[in-house]
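model_36.txt follows (compact mmCIF, N, CA and C atoms):
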# COMPACT_ATOMS: atom_id res chain seq x y z
N MET A 289 -59.62 -27.85 3.81
CA MET A 289 -58.19 -27.95 3.92
C MET A 289 -57.72 -27.00 5.02
N THR A 290 -56.92 -27.48 5.94
CA THR A 290 -56.46 -26.66 7.05
C THR A 290 -55.30 -25.78 6.63
N SER A 291 -55.02 -24.78 7.44
CA SER A 291 -53.95 -23.85 7.11
C SER A 291 -52.59 -24.53 7.16
N SER A 292 -52.42 -25.52 8.04
CA SER A 292 -51.13 -26.21 8.12
C SER A 292 -50.89 -27.07 6.88
N SER A 293 -51.94 -27.67 6.33
CA SER A 293 -51.74 -28.45 5.11
C SER A 293 -51.50 -27.54 3.92
N LYS A 294 -52.13 -26.36 3.92
CA LYS A 294 -51.85 -25.39 2.86
C LYS A 294 -50.40 -24.95 2.92
N ARG A 295 -49.91 -24.74 4.13
CA ARG A 295 -48.53 -24.30 4.30
C ARG A 295 -47.56 -25.36 3.79
N LYS A 296 -47.86 -26.63 4.07
CA LYS A 296 -47.00 -27.72 3.60
C LYS A 296 -47.01 -27.78 2.08
N GLU A 297 -48.16 -27.51 1.47
CA GLU A 297 -48.25 -27.52 0.02
C GLU A 297 -47.44 -26.39 -0.59
N GLU A 298 -47.40 -25.25 0.08
CA GLU A 298 -46.65 -24.11 -0.44
C GLU A 298 -45.16 -24.40 -0.49
N VAL A 299 -44.68 -25.25 0.43
CA VAL A 299 -43.25 -25.56 0.47
C VAL A 299 -42.85 -26.40 -0.73
N HIS A 300 -43.73 -27.32 -1.16
CA HIS A 300 -43.42 -28.14 -2.33
C HIS A 300 -43.72 -27.36 -3.59
N VAL A 301 -42.83 -27.45 -4.53
CA VAL A 301 -42.94 -26.62 -5.72
C VAL A 301 -42.97 -27.47 -6.96
N VAL A 302 -43.12 -26.81 -8.08
CA VAL A 302 -43.18 -27.49 -9.37
C VAL A 302 -41.91 -28.29 -9.65
N ASN A 303 -41.98 -29.16 -10.60
CA ASN A 303 -40.88 -29.99 -11.05
C ASN A 303 -40.34 -30.92 -9.97
N GLY A 304 -41.14 -31.22 -8.96
CA GLY A 304 -40.74 -32.16 -7.94
C GLY A 304 -39.72 -31.62 -6.96
N GLY A 305 -39.32 -30.37 -7.09
CA GLY A 305 -38.35 -29.78 -6.18
C GLY A 305 -39.02 -29.24 -4.94
N VAL A 306 -38.21 -28.81 -4.02
CA VAL A 306 -38.71 -28.19 -2.81
C VAL A 306 -38.33 -26.72 -2.85
N LYS A 307 -39.32 -25.88 -2.62
CA LYS A 307 -39.08 -24.44 -2.64
C LYS A 307 -38.32 -24.03 -1.39
N GLN A 308 -37.28 -23.26 -1.59
CA GLN A 308 -36.49 -22.77 -0.48
C GLN A 308 -37.21 -21.57 0.15
N PRO A 309 -37.34 -21.53 1.46
CA PRO A 309 -38.01 -20.40 2.09
C PRO A 309 -37.31 -19.07 1.76
N THR A 310 -38.08 -18.01 1.76
CA THR A 310 -37.57 -16.70 1.35
C THR A 310 -36.38 -16.27 2.19
N TRP A 311 -36.46 -16.41 3.51
CA TRP A 311 -35.36 -15.93 4.35
C TRP A 311 -34.13 -16.82 4.22
N SER A 312 -34.30 -18.07 3.84
CA SER A 312 -33.13 -18.91 3.57
C SER A 312 -32.43 -18.43 2.31
N LYS A 313 -33.23 -18.06 1.31
CA LYS A 313 -32.64 -17.51 0.09
C LYS A 313 -31.98 -16.17 0.36
N ALA A 314 -32.55 -15.41 1.26
CA ALA A 314 -32.03 -14.07 1.55
C ALA A 314 -30.62 -14.13 2.12
N ILE A 315 -30.32 -15.17 2.89
CA ILE A 315 -28.99 -15.28 3.48
C ILE A 315 -28.08 -16.24 2.72
N SER A 316 -28.58 -16.77 1.59
CA SER A 316 -27.77 -17.63 0.73
C SER A 316 -27.16 -16.81 -0.40
N CYS A 317 -25.91 -17.05 -0.64
CA CYS A 317 -25.20 -16.33 -1.70
C CYS A 317 -25.71 -16.77 -3.08
N LYS A 318 -25.95 -15.82 -3.94
CA LYS A 318 -26.38 -16.06 -5.34
C LYS A 318 -27.65 -16.92 -5.42
N ALA A 319 -28.63 -16.63 -4.59
CA ALA A 319 -29.88 -17.39 -4.61
C ALA A 319 -30.66 -17.09 -5.89
N VAL A 320 -31.49 -18.03 -6.29
CA VAL A 320 -32.34 -17.86 -7.46
C VAL A 320 -33.69 -17.33 -6.97
N TRP A 321 -34.10 -16.19 -7.50
CA TRP A 321 -35.36 -15.55 -7.10
C TRP A 321 -36.38 -15.79 -8.19
N ASP A 322 -37.37 -16.64 -7.87
CA ASP A 322 -38.41 -16.98 -8.85
C ASP A 322 -39.33 -15.80 -9.12
N GLU A 323 -39.63 -15.04 -8.08
CA GLU A 323 -40.53 -13.91 -8.23
C GLU A 323 -39.79 -12.62 -7.92
N LYS A 324 -40.04 -11.64 -8.74
CA LYS A 324 -39.40 -10.33 -8.57
C LYS A 324 -39.80 -9.69 -7.24
N ASP A 325 -41.07 -9.79 -6.89
CA ASP A 325 -41.55 -9.18 -5.66
C ASP A 325 -40.94 -9.81 -4.41
N GLU A 326 -40.60 -11.06 -4.50
CA GLU A 326 -40.01 -11.76 -3.36
C GLU A 326 -38.67 -11.13 -2.99
N PHE A 327 -37.84 -10.86 -3.98
CA PHE A 327 -36.54 -10.23 -3.71
C PHE A 327 -36.72 -8.79 -3.23
N LEU A 328 -37.67 -8.07 -3.82
CA LEU A 328 -37.92 -6.69 -3.39
C LEU A 328 -38.43 -6.65 -1.95
N ASP A 329 -39.20 -7.65 -1.54
CA ASP A 329 -39.64 -7.73 -0.15
C ASP A 329 -38.46 -7.95 0.79
N VAL A 330 -37.52 -8.77 0.38
CA VAL A 330 -36.33 -9.02 1.20
C VAL A 330 -35.52 -7.73 1.35
N VAL A 331 -35.34 -7.00 0.25
CA VAL A 331 -34.62 -5.73 0.31
C VAL A 331 -35.33 -4.76 1.25
N TYR A 332 -36.65 -4.69 1.13
CA TYR A 332 -37.46 -3.81 1.98
C TYR A 332 -37.26 -4.14 3.46
N TRP A 333 -37.39 -5.41 3.81
CA TRP A 333 -37.29 -5.79 5.22
C TRP A 333 -35.88 -5.72 5.75
N PHE A 334 -34.87 -5.96 4.92
CA PHE A 334 -33.50 -5.75 5.37
C PHE A 334 -33.28 -4.29 5.73
N ARG A 335 -33.86 -3.40 4.94
CA ARG A 335 -33.75 -1.96 5.25
C ARG A 335 -34.37 -1.65 6.60
N GLN A 336 -35.51 -2.25 6.91
CA GLN A 336 -36.17 -1.99 8.19
C GLN A 336 -35.32 -2.50 9.35
N ILE A 337 -34.70 -3.64 9.18
CA ILE A 337 -33.82 -4.20 10.22
C ILE A 337 -32.63 -3.29 10.44
N ILE A 338 -32.02 -2.83 9.35
CA ILE A 338 -30.88 -1.91 9.44
C ILE A 338 -31.31 -0.62 10.15
N ALA A 339 -32.50 -0.12 9.84
CA ALA A 339 -32.99 1.12 10.44
C ALA A 339 -33.13 0.99 11.95
N VAL A 340 -33.68 -0.12 12.41
CA VAL A 340 -33.86 -0.33 13.85
C VAL A 340 -32.49 -0.43 14.53
N ILE A 341 -31.60 -1.21 13.97
CA ILE A 341 -30.27 -1.40 14.57
C ILE A 341 -29.52 -0.07 14.65
N LEU A 342 -29.49 0.67 13.54
CA LEU A 342 -28.78 1.95 13.54
C LEU A 342 -29.47 2.97 14.43
N GLY A 343 -30.79 2.96 14.49
CA GLY A 343 -31.51 3.87 15.37
C GLY A 343 -31.16 3.64 16.83
N VAL A 344 -31.06 2.39 17.23
CA VAL A 344 -30.67 2.07 18.60
C VAL A 344 -29.24 2.52 18.87
N ILE A 345 -28.33 2.22 17.94
CA ILE A 345 -26.92 2.61 18.11
C ILE A 345 -26.79 4.13 18.19
N TRP A 346 -27.45 4.84 17.29
CA TRP A 346 -27.37 6.30 17.27
C TRP A 346 -27.97 6.89 18.55
N GLY A 347 -29.01 6.26 19.09
CA GLY A 347 -29.63 6.76 20.31
C GLY A 347 -28.79 6.49 21.54
N VAL A 348 -28.15 5.33 21.59
CA VAL A 348 -27.31 4.99 22.74
C VAL A 348 -26.03 5.83 22.72
N ALA A 349 -25.36 5.87 21.59
CA ALA A 349 -24.21 6.77 21.42
C ALA A 349 -24.81 8.12 21.05
N PRO A 350 -24.69 9.10 21.88
CA PRO A 350 -25.46 10.33 21.68
C PRO A 350 -25.07 11.09 20.41
N LEU A 351 -25.43 10.52 19.29
CA LEU A 351 -25.15 11.15 18.00
C LEU A 351 -26.29 12.10 17.68
N LYS A 352 -25.94 13.28 17.16
CA LYS A 352 -26.96 14.30 16.90
C LYS A 352 -26.82 14.85 15.48
N GLY A 353 -27.93 15.41 15.00
CA GLY A 353 -27.93 16.27 13.84
C GLY A 353 -27.71 15.62 12.49
N PHE A 354 -27.26 16.48 11.58
CA PHE A 354 -27.10 16.10 10.18
C PHE A 354 -26.09 14.96 10.01
N LEU A 355 -25.07 14.95 10.83
CA LEU A 355 -24.05 13.90 10.72
C LEU A 355 -24.67 12.51 10.91
N GLY A 356 -25.55 12.37 11.89
CA GLY A 356 -26.21 11.09 12.13
C GLY A 356 -27.08 10.67 10.96
N ILE A 357 -27.82 11.64 10.41
CA ILE A 357 -28.69 11.35 9.26
C ILE A 357 -27.86 10.97 8.04
N ALA A 358 -26.79 11.71 7.79
CA ALA A 358 -25.94 11.43 6.62
C ALA A 358 -25.28 10.05 6.73
N ILE A 359 -24.78 9.73 7.91
CA ILE A 359 -24.14 8.42 8.09
C ILE A 359 -25.16 7.29 7.91
N PHE A 360 -26.37 7.49 8.42
CA PHE A 360 -27.42 6.48 8.23
C PHE A 360 -27.69 6.26 6.74
N CYS A 361 -27.83 7.34 5.99
CA CYS A 361 -28.13 7.22 4.56
C CYS A 361 -27.02 6.47 3.83
N VAL A 362 -25.78 6.80 4.13
CA VAL A 362 -24.65 6.13 3.47
C VAL A 362 -24.60 4.65 3.84
N ILE A 363 -24.74 4.34 5.12
CA ILE A 363 -24.69 2.93 5.54
C ILE A 363 -25.86 2.15 4.97
N ASN A 364 -27.06 2.71 5.05
CA ASN A 364 -28.26 2.02 4.57
C ASN A 364 -28.14 1.73 3.08
N ALA A 365 -27.83 2.74 2.30
CA ALA A 365 -27.70 2.54 0.85
C ALA A 365 -26.52 1.64 0.52
N GLY A 366 -25.41 1.83 1.20
CA GLY A 366 -24.20 1.06 0.92
C GLY A 366 -24.33 -0.42 1.22
N VAL A 367 -24.90 -0.73 2.38
CA VAL A 367 -25.05 -2.14 2.77
C VAL A 367 -25.98 -2.86 1.78
N LEU A 368 -27.09 -2.22 1.44
CA LEU A 368 -28.02 -2.86 0.51
C LEU A 368 -27.43 -2.98 -0.89
N TYR A 369 -26.65 -1.99 -1.31
CA TYR A 369 -26.01 -2.07 -2.63
C TYR A 369 -25.04 -3.25 -2.68
N VAL A 370 -24.22 -3.38 -1.65
CA VAL A 370 -23.28 -4.51 -1.59
C VAL A 370 -24.06 -5.82 -1.54
N TYR A 371 -25.18 -5.85 -0.81
CA TYR A 371 -25.98 -7.07 -0.70
C TYR A 371 -26.50 -7.52 -2.05
N PHE A 372 -27.16 -6.63 -2.80
CA PHE A 372 -27.76 -7.10 -4.05
C PHE A 372 -26.77 -7.17 -5.21
N SER A 373 -25.69 -6.41 -5.17
CA SER A 373 -24.77 -6.46 -6.30
C SER A 373 -23.66 -7.50 -6.12
N SER A 374 -23.15 -7.66 -4.91
CA SER A 374 -22.04 -8.59 -4.68
C SER A 374 -22.48 -9.92 -4.08
N PHE A 375 -23.34 -9.86 -3.06
CA PHE A 375 -23.74 -11.09 -2.37
C PHE A 375 -24.76 -11.88 -3.18
N GLN A 376 -25.85 -11.23 -3.58
CA GLN A 376 -26.88 -11.92 -4.36
C GLN A 376 -26.57 -11.93 -5.85
N GLN A 377 -25.84 -10.98 -6.32
CA GLN A 377 -25.47 -10.84 -7.74
C GLN A 377 -26.68 -10.95 -8.67
N VAL A 378 -27.70 -10.17 -8.34
CA VAL A 378 -28.90 -10.14 -9.18
C VAL A 378 -28.65 -9.20 -10.36
N ASP A 379 -29.42 -9.38 -11.41
CA ASP A 379 -29.37 -8.49 -12.56
C ASP A 379 -30.20 -7.25 -12.22
N GLU A 380 -29.51 -6.14 -11.97
CA GLU A 380 -30.20 -4.92 -11.54
C GLU A 380 -31.22 -4.45 -12.57
N GLU A 381 -30.94 -4.65 -13.82
CA GLU A 381 -31.84 -4.19 -14.89
C GLU A 381 -33.18 -4.93 -14.85
N GLU A 382 -33.17 -6.14 -14.35
CA GLU A 382 -34.41 -6.91 -14.21
C GLU A 382 -35.35 -6.26 -13.19
N TYR A 383 -34.77 -5.50 -12.27
CA TYR A 383 -35.55 -4.85 -11.22
C TYR A 383 -35.70 -3.35 -11.44
N GLY A 384 -35.36 -2.86 -12.61
CA GLY A 384 -35.52 -1.45 -12.91
C GLY A 384 -34.25 -0.64 -12.75
N GLY A 385 -33.13 -1.29 -12.58
CA GLY A 385 -31.86 -0.58 -12.45
C GLY A 385 -31.37 -0.51 -11.02
N THR A 386 -30.12 -0.10 -10.90
CA THR A 386 -29.48 -0.01 -9.59
C THR A 386 -30.20 0.99 -8.69
N TRP A 387 -30.60 2.12 -9.27
CA TRP A 387 -31.24 3.15 -8.47
C TRP A 387 -32.56 2.66 -7.87
N GLU A 388 -33.34 1.91 -8.63
CA GLU A 388 -34.62 1.40 -8.12
C GLU A 388 -34.40 0.46 -6.93
N LEU A 389 -33.40 -0.40 -7.02
CA LEU A 389 -33.12 -1.30 -5.90
C LEU A 389 -32.56 -0.53 -4.71
N THR A 390 -31.75 0.48 -4.98
CA THR A 390 -31.14 1.25 -3.90
C THR A 390 -32.18 2.04 -3.12
N LYS A 391 -33.22 2.52 -3.79
CA LYS A 391 -34.23 3.32 -3.08
C LYS A 391 -35.45 2.51 -2.63
N GLU A 392 -35.49 1.24 -2.91
CA GLU A 392 -36.63 0.39 -2.51
C GLU A 392 -36.79 0.39 -0.99
N GLY A 393 -37.87 0.96 -0.50
CA GLY A 393 -38.17 0.99 0.92
C GLY A 393 -37.33 1.96 1.74
N PHE A 394 -36.62 2.86 1.08
CA PHE A 394 -35.72 3.75 1.80
C PHE A 394 -36.46 4.72 2.71
N MET A 395 -37.52 5.34 2.23
CA MET A 395 -38.21 6.36 3.03
C MET A 395 -38.87 5.76 4.28
N THR A 396 -39.43 4.58 4.17
CA THR A 396 -40.02 3.97 5.36
C THR A 396 -38.94 3.57 6.36
N SER A 397 -37.80 3.12 5.86
CA SER A 397 -36.72 2.78 6.79
C SER A 397 -36.15 4.05 7.42
N PHE A 398 -36.12 5.14 6.67
CA PHE A 398 -35.64 6.41 7.22
C PHE A 398 -36.58 6.89 8.33
N ALA A 399 -37.87 6.80 8.11
CA ALA A 399 -38.84 7.19 9.14
C ALA A 399 -38.70 6.31 10.38
N LEU A 400 -38.57 5.01 10.18
CA LEU A 400 -38.40 4.09 11.31
C LEU A 400 -37.11 4.41 12.07
N PHE A 401 -36.04 4.66 11.34
CA PHE A 401 -34.76 5.03 11.95
C PHE A 401 -34.92 6.27 12.83
N LEU A 402 -35.59 7.29 12.31
CA LEU A 402 -35.76 8.53 13.07
C LEU A 402 -36.56 8.28 14.34
N VAL A 403 -37.62 7.50 14.26
CA VAL A 403 -38.44 7.22 15.43
C VAL A 403 -37.63 6.48 16.49
N VAL A 404 -36.92 5.45 16.09
CA VAL A 404 -36.13 4.66 17.05
C VAL A 404 -35.00 5.52 17.63
N TRP A 405 -34.33 6.28 16.80
CA TRP A 405 -33.24 7.14 17.24
C TRP A 405 -33.75 8.15 18.28
N ILE A 406 -34.85 8.81 17.98
CA ILE A 406 -35.40 9.82 18.89
C ILE A 406 -35.84 9.19 20.20
N ILE A 407 -36.49 8.05 20.16
CA ILE A 407 -36.95 7.39 21.38
C ILE A 407 -35.77 7.01 22.26
N PHE A 408 -34.76 6.37 21.70
CA PHE A 408 -33.61 5.95 22.50
C PHE A 408 -32.80 7.14 23.00
N TYR A 409 -32.59 8.12 22.15
CA TYR A 409 -31.83 9.29 22.57
C TYR A 409 -32.56 10.03 23.70
N THR A 410 -33.85 10.21 23.54
CA THR A 410 -34.63 10.92 24.57
C THR A 410 -34.65 10.13 25.87
N ALA A 411 -34.80 8.83 25.80
CA ALA A 411 -34.87 8.00 26.99
C ALA A 411 -33.54 7.98 27.75
N LEU A 412 -32.44 8.02 27.05
CA LEU A 412 -31.14 7.86 27.71
C LEU A 412 -30.42 9.17 27.99
N HIS A 413 -30.64 10.20 27.19
CA HIS A 413 -29.80 11.40 27.29
C HIS A 413 -30.55 12.69 27.56
N TYR A 414 -31.87 12.64 27.67
CA TYR A 414 -32.61 13.86 27.88
C TYR A 414 -32.54 14.27 29.35
N ASP A 415 -32.24 15.54 29.59
CA ASP A 415 -32.12 16.04 30.98
C ASP A 415 -33.42 16.56 31.49
The structure given in the file should be rewritten as C-alpha cells.
Amino acid sequence: MTSSSKRKEEVHVVNGGVKQPTWSKAISCKAVWDEKDEFLDVVYWFRQIIAVILGVIWGVAPLKGFLGIAIFCVINAGVLYVYFSSFQQVDEEEYGGTWELTKEGFMTSFALFLVVWIIFYTALHYD
C-alpha cells in the first residue's frame, strides 16, 4: 500500500463520515475534537506561531527588557485562553483544567520567542 493511499484512507473515518483535517478544525468555531492530543497539538503549534510573530515584532520595534517579556507572556496566555474558552469552547476539565491548557507548550514558545527576538533585534539595531 502506498503512502498516498494510506493518506486517503486516513481522511475517511468511521460511520461513513469524512474526517475534518486538524487545521480546518483549528480555525473552525466550536469544532469537535475526537482525540485529546489533537487539540493539545493545535494549542502547542498556535503558541509557536504566536512566538515567532511576536519575536519578529519585538525585534523590529526595538523593545527591550522585562517589559517585552511581560507583554509576550500576557499576549501569549491571553490569546490562547480566548481561543480555547471562547472560540473553541472546549471543556477545560477534560484537558486537566484551565491552567493545564494555558501552560501547554508555553516554555518552548517562550524560548522560540527569545531566539527570534534576539536575532531580529541584533540584526536591525545592534551598533
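At a cut-off of 9 Å from (-22.5, -11.1, 0.1), the residue set is Ile315, Ser316, Cys317, Lys318, Val370, Tyr371, Phe372, Ser373, Ser374, Phe375, Gln376 and Gln377 of chain A (counting only C-alpha atoms).
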* To do: Tell me which of A:Ile363, A:Val348, A:Ala358, A:Ala339 sits closest to Met395 in chain A, counting only C-alpha atoms.
  => A:Ala339
* Structure fact -> Residue with the minimum atom-to-atom distance to Phe408 in chain A, picked from A:Leu355, A:Val320, A:Ala314, A:Ile345 with all atoms listed in the file counted, is A:Ile345
* Asked: Skipping near chain neighbours, those fewer than 3 positions away, what residues fall within 12 Å of Ile406 in chain A using only C-alpha atoms, listed as a list in words?
  -> Val340, Leu342, Gly343, Val344, Ile345, Trp346, Gly347, Val348, Ala349, Pro350, Leu351, Lys352, Gly353, Gly356, Ile357, Ala399, Leu400, Phe401, Leu402, Val403, Tyr409, Thr410, Ala411, Leu412, His413 and Tyr414 of chain A
* Go through A:Thr396, A:Thr310, A:Asn364, A:Thr386 and flag the residue nearest Glu326 in chain A, using only N, CA and C atoms for the distances. => A:Thr310
* To do: Could you check which of A:Phe327, A:Tyr332, A:Trp387, A:Phe398 is closest to Tyr369 in chain A, using only C-alpha atoms?
  =>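 Checking each candidate against Tyr369 in chain A, we get A:Trp387 as the closest.
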* To do: Based on DSSP run over this structure's backbone, return all residues of chain A in alpha helix (DSSP H), as a PyMOL selection string.
  => chain A and resi 291-299+310-314+324-348+353-370+386-391+394-413
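One distance worth recording is that between atom N of Ile337 in chain A and atom N of Ser397 in chain A, which is 8.1 Å.
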* One-decimal distance in Å that lies between atom N of Arg335 in chain A and atom N of Val404 in chain A ->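 Spanning atom N of Val404 in chain A to atom N of Arg335 in chain A is a straight-line distance of 14.6 Å.
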Would you kindly place all heavy atoms on range 374-385 of chain A and return the model as a PDB file, in the coordinates of the input?
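Saved as rebuild.pdb:
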ATOM      1  N   SER A 374     -23.150  -7.660  -4.910  1.00  0.00           N
ATOM      2  CA  SER A 374     -22.040  -8.590  -4.680  1.00  0.00           C
ATOM      3  C   SER A 374     -22.480  -9.920  -4.080  1.00  0.00           C
ATOM      4  O   SER A 374     -22.065 -10.974  -4.523  1.00  0.00           O
ATOM      5  CB  SER A 374     -21.004  -7.950  -3.765  1.00  0.00           C
ATOM      6  OG  SER A 374     -20.456  -6.818  -4.372  1.00  0.00           O
ATOM      7  N   PHE A 375     -23.340  -9.860  -3.060  1.00  0.00           N
ATOM      8  CA  PHE A 375     -23.740 -11.090  -2.370  1.00  0.00           C
ATOM      9  C   PHE A 375     -24.760 -11.880  -3.180  1.00  0.00           C
ATOM     10  O   PHE A 375     -24.570 -13.065  -3.441  1.00  0.00           O
ATOM     11  CB  PHE A 375     -24.287 -10.750  -0.981  1.00  0.00           C
ATOM     12  CG  PHE A 375     -24.586 -11.955  -0.144  1.00  0.00           C
ATOM     13  CD1 PHE A 375     -23.567 -12.713   0.402  1.00  0.00           C
ATOM     14  CD2 PHE A 375     -25.893 -12.328   0.114  1.00  0.00           C
ATOM     15  CE1 PHE A 375     -23.842 -13.823   1.172  1.00  0.00           C
ATOM     16  CE2 PHE A 375     -26.179 -13.430   0.887  1.00  0.00           C
ATOM     17  CZ  PHE A 375     -25.153 -14.183   1.423  1.00  0.00           C
ATOM     18  N   GLN A 376     -25.850 -11.230  -3.580  1.00  0.00           N
ATOM     19  CA  GLN A 376     -26.880 -11.920  -4.360  1.00  0.00           C
ATOM     20  C   GLN A 376     -26.570 -11.930  -5.850  1.00  0.00           C
ATOM     21  O   GLN A 376     -27.051 -12.795  -6.568  1.00  0.00           O
ATOM     22  CB  GLN A 376     -28.246 -11.292  -4.120  1.00  0.00           C
ATOM     23  CG  GLN A 376     -28.824 -11.574  -2.763  1.00  0.00           C
ATOM     24  CD  GLN A 376     -29.120 -13.043  -2.551  1.00  0.00           C
ATOM     25  OE1 GLN A 376     -29.343 -13.803  -3.487  1.00  0.00           O
ATOM     26  NE2 GLN A 376     -29.111 -13.451  -1.298  1.00  0.00           N
ATOM     27  N   GLN A 377     -25.840 -10.980  -6.320  1.00  0.00           N
ATOM     28  CA  GLN A 377     -25.470 -10.840  -7.740  1.00  0.00           C
ATOM     29  C   GLN A 377     -26.680 -10.950  -8.670  1.00  0.00           C
ATOM     30  O   GLN A 377     -26.672 -11.697  -9.640  1.00  0.00           O
ATOM     31  CB  GLN A 377     -24.401 -11.859  -8.115  1.00  0.00           C
ATOM     32  CG  GLN A 377     -23.092 -11.629  -7.397  1.00  0.00           C
ATOM     33  CD  GLN A 377     -22.003 -12.596  -7.805  1.00  0.00           C
ATOM     34  OE1 GLN A 377     -22.231 -13.547  -8.547  1.00  0.00           O
ATOM     35  NE2 GLN A 377     -20.805 -12.353  -7.316  1.00  0.00           N
ATOM     36  N   VAL A 378     -27.700 -10.170  -8.340  1.00  0.00           N
ATOM     37  CA  VAL A 378     -28.900 -10.140  -9.180  1.00  0.00           C
ATOM     38  C   VAL A 378     -28.650  -9.200 -10.360  1.00  0.00           C
ATOM     39  O   VAL A 378     -27.789  -8.332 -10.313  1.00  0.00           O
ATOM     40  CB  VAL A 378     -30.158  -9.685  -8.411  1.00  0.00           C
ATOM     41  CG1 VAL A 378     -30.495 -10.654  -7.312  1.00  0.00           C
ATOM     42  CG2 VAL A 378     -30.002  -8.290  -7.864  1.00  0.00           C
ATOM     43  N   ASP A 379     -29.420  -9.380 -11.410  1.00  0.00           N
ATOM     44  CA  ASP A 379     -29.370  -8.490 -12.560  1.00  0.00           C
ATOM     45  C   ASP A 379     -30.200  -7.250 -12.220  1.00  0.00           C
ATOM     46  O   ASP A 379     -31.427  -7.314 -12.168  1.00  0.00           O
ATOM     47  CB  ASP A 379     -29.928  -9.200 -13.795  1.00  0.00           C
ATOM     48  CG  ASP A 379     -29.910  -8.329 -15.028  1.00  0.00           C
ATOM     49  OD1 ASP A 379     -29.150  -7.333 -15.050  1.00  0.00           O
ATOM     50  OD2 ASP A 379     -30.661  -8.630 -15.979  1.00  0.00           O
ATOM     51  N   GLU A 380     -29.510  -6.140 -11.970  1.00  0.00           N
ATOM     52  CA  GLU A 380     -30.200  -4.920 -11.540  1.00  0.00           C
ATOM     53  C   GLU A 380     -31.220  -4.450 -12.570  1.00  0.00           C
ATOM     54  O   GLU A 380     -32.256  -3.897 -12.216  1.00  0.00           O
ATOM     55  CB  GLU A 380     -29.201  -3.793 -11.265  1.00  0.00           C
ATOM     56  CG  GLU A 380     -28.322  -4.014 -10.050  1.00  0.00           C
ATOM     57  CD  GLU A 380     -26.972  -4.587 -10.413  1.00  0.00           C
ATOM     58  OE1 GLU A 380     -26.744  -4.896 -11.607  1.00  0.00           O
ATOM     59  OE2 GLU A 380     -26.148  -4.745  -9.499  1.00  0.00           O
ATOM     60  N   GLU A 381     -30.940  -4.650 -13.820  1.00  0.00           N
ATOM     61  CA  GLU A 381     -31.840  -4.190 -14.890  1.00  0.00           C
ATOM     62  C   GLU A 381     -33.180  -4.930 -14.850  1.00  0.00           C
ATOM     63  O   GLU A 381     -34.196  -4.404 -15.254  1.00  0.00           O
ATOM     64  CB  GLU A 381     -31.182  -4.350 -16.259  1.00  0.00           C
ATOM     65  CG  GLU A 381     -29.975  -3.449 -16.460  1.00  0.00           C
ATOM     66  CD  GLU A 381     -30.280  -1.980 -16.186  1.00  0.00           C
ATOM     67  OE1 GLU A 381     -31.328  -1.475 -16.625  1.00  0.00           O
ATOM     68  OE2 GLU A 381     -29.460  -1.335 -15.514  1.00  0.00           O
ATOM     69  N   GLU A 382     -33.170  -6.140 -14.350  1.00  0.00           N
ATOM     70  CA  GLU A 382     -34.410  -6.910 -14.210  1.00  0.00           C
ATOM     71  C   GLU A 382     -35.350  -6.260 -13.190  1.00  0.00           C
ATOM     72  O   GLU A 382     -36.557  -6.421 -13.256  1.00  0.00           O
ATOM     73  CB  GLU A 382     -34.064  -8.332 -13.781  1.00  0.00           C
ATOM     74  CG  GLU A 382     -35.230  -9.267 -13.727  1.00  0.00           C
ATOM     75  CD  GLU A 382     -34.816 -10.681 -13.348  1.00  0.00           C
ATOM     76  OE1 GLU A 382     -33.741 -11.123 -13.784  1.00  0.00           O
ATOM     77  OE2 GLU A 382     -35.572 -11.324 -12.610  1.00  0.00           O
ATOM     78  N   TYR A 383     -34.770  -5.500 -12.270  1.00  0.00           N
ATOM     79  CA  TYR A 383     -35.550  -4.850 -11.220  1.00  0.00           C
ATOM     80  C   TYR A 383     -35.700  -3.350 -11.440  1.00  0.00           C
ATOM     81  O   TYR A 383     -36.078  -2.635 -10.529  1.00  0.00           O
ATOM     82  CB  TYR A 383     -34.919  -5.117  -9.846  1.00  0.00           C
ATOM     83  CG  TYR A 383     -34.956  -6.569  -9.477  1.00  0.00           C
ATOM     84  CD1 TYR A 383     -33.888  -7.413  -9.764  1.00  0.00           C
ATOM     85  CD2 TYR A 383     -36.070  -7.120  -8.872  1.00  0.00           C
ATOM     86  CE1 TYR A 383     -33.926  -8.752  -9.443  1.00  0.00           C
ATOM     87  CE2 TYR A 383     -36.123  -8.456  -8.546  1.00  0.00           C
ATOM     88  CZ  TYR A 383     -35.045  -9.272  -8.834  1.00  0.00           C
ATOM     89  OH  TYR A 383     -35.085 -10.602  -8.521  1.00  0.00           O
ATOM     90  N   GLY A 384     -35.360  -2.860 -12.610  1.00  0.00           N
ATOM     91  CA  GLY A 384     -35.520  -1.450 -12.910  1.00  0.00           C
ATOM     92  C   GLY A 384     -34.250  -0.640 -12.750  1.00  0.00           C
ATOM     93  O   GLY A 384     -34.305   0.582 -12.770  1.00  0.00           O
ATOM     94  N   GLY A 385     -33.130  -1.290 -12.580  1.00  0.00           N
ATOM     95  CA  GLY A 385     -31.860  -0.580 -12.450  1.00  0.00           C
ATOM     96  C   GLY A 385     -31.370  -0.510 -11.020  1.00  0.00           C
ATOM     97  O   GLY A 385     -32.100  -0.778 -10.061  1.00  0.00           O
TER      98      GLY A 385
END
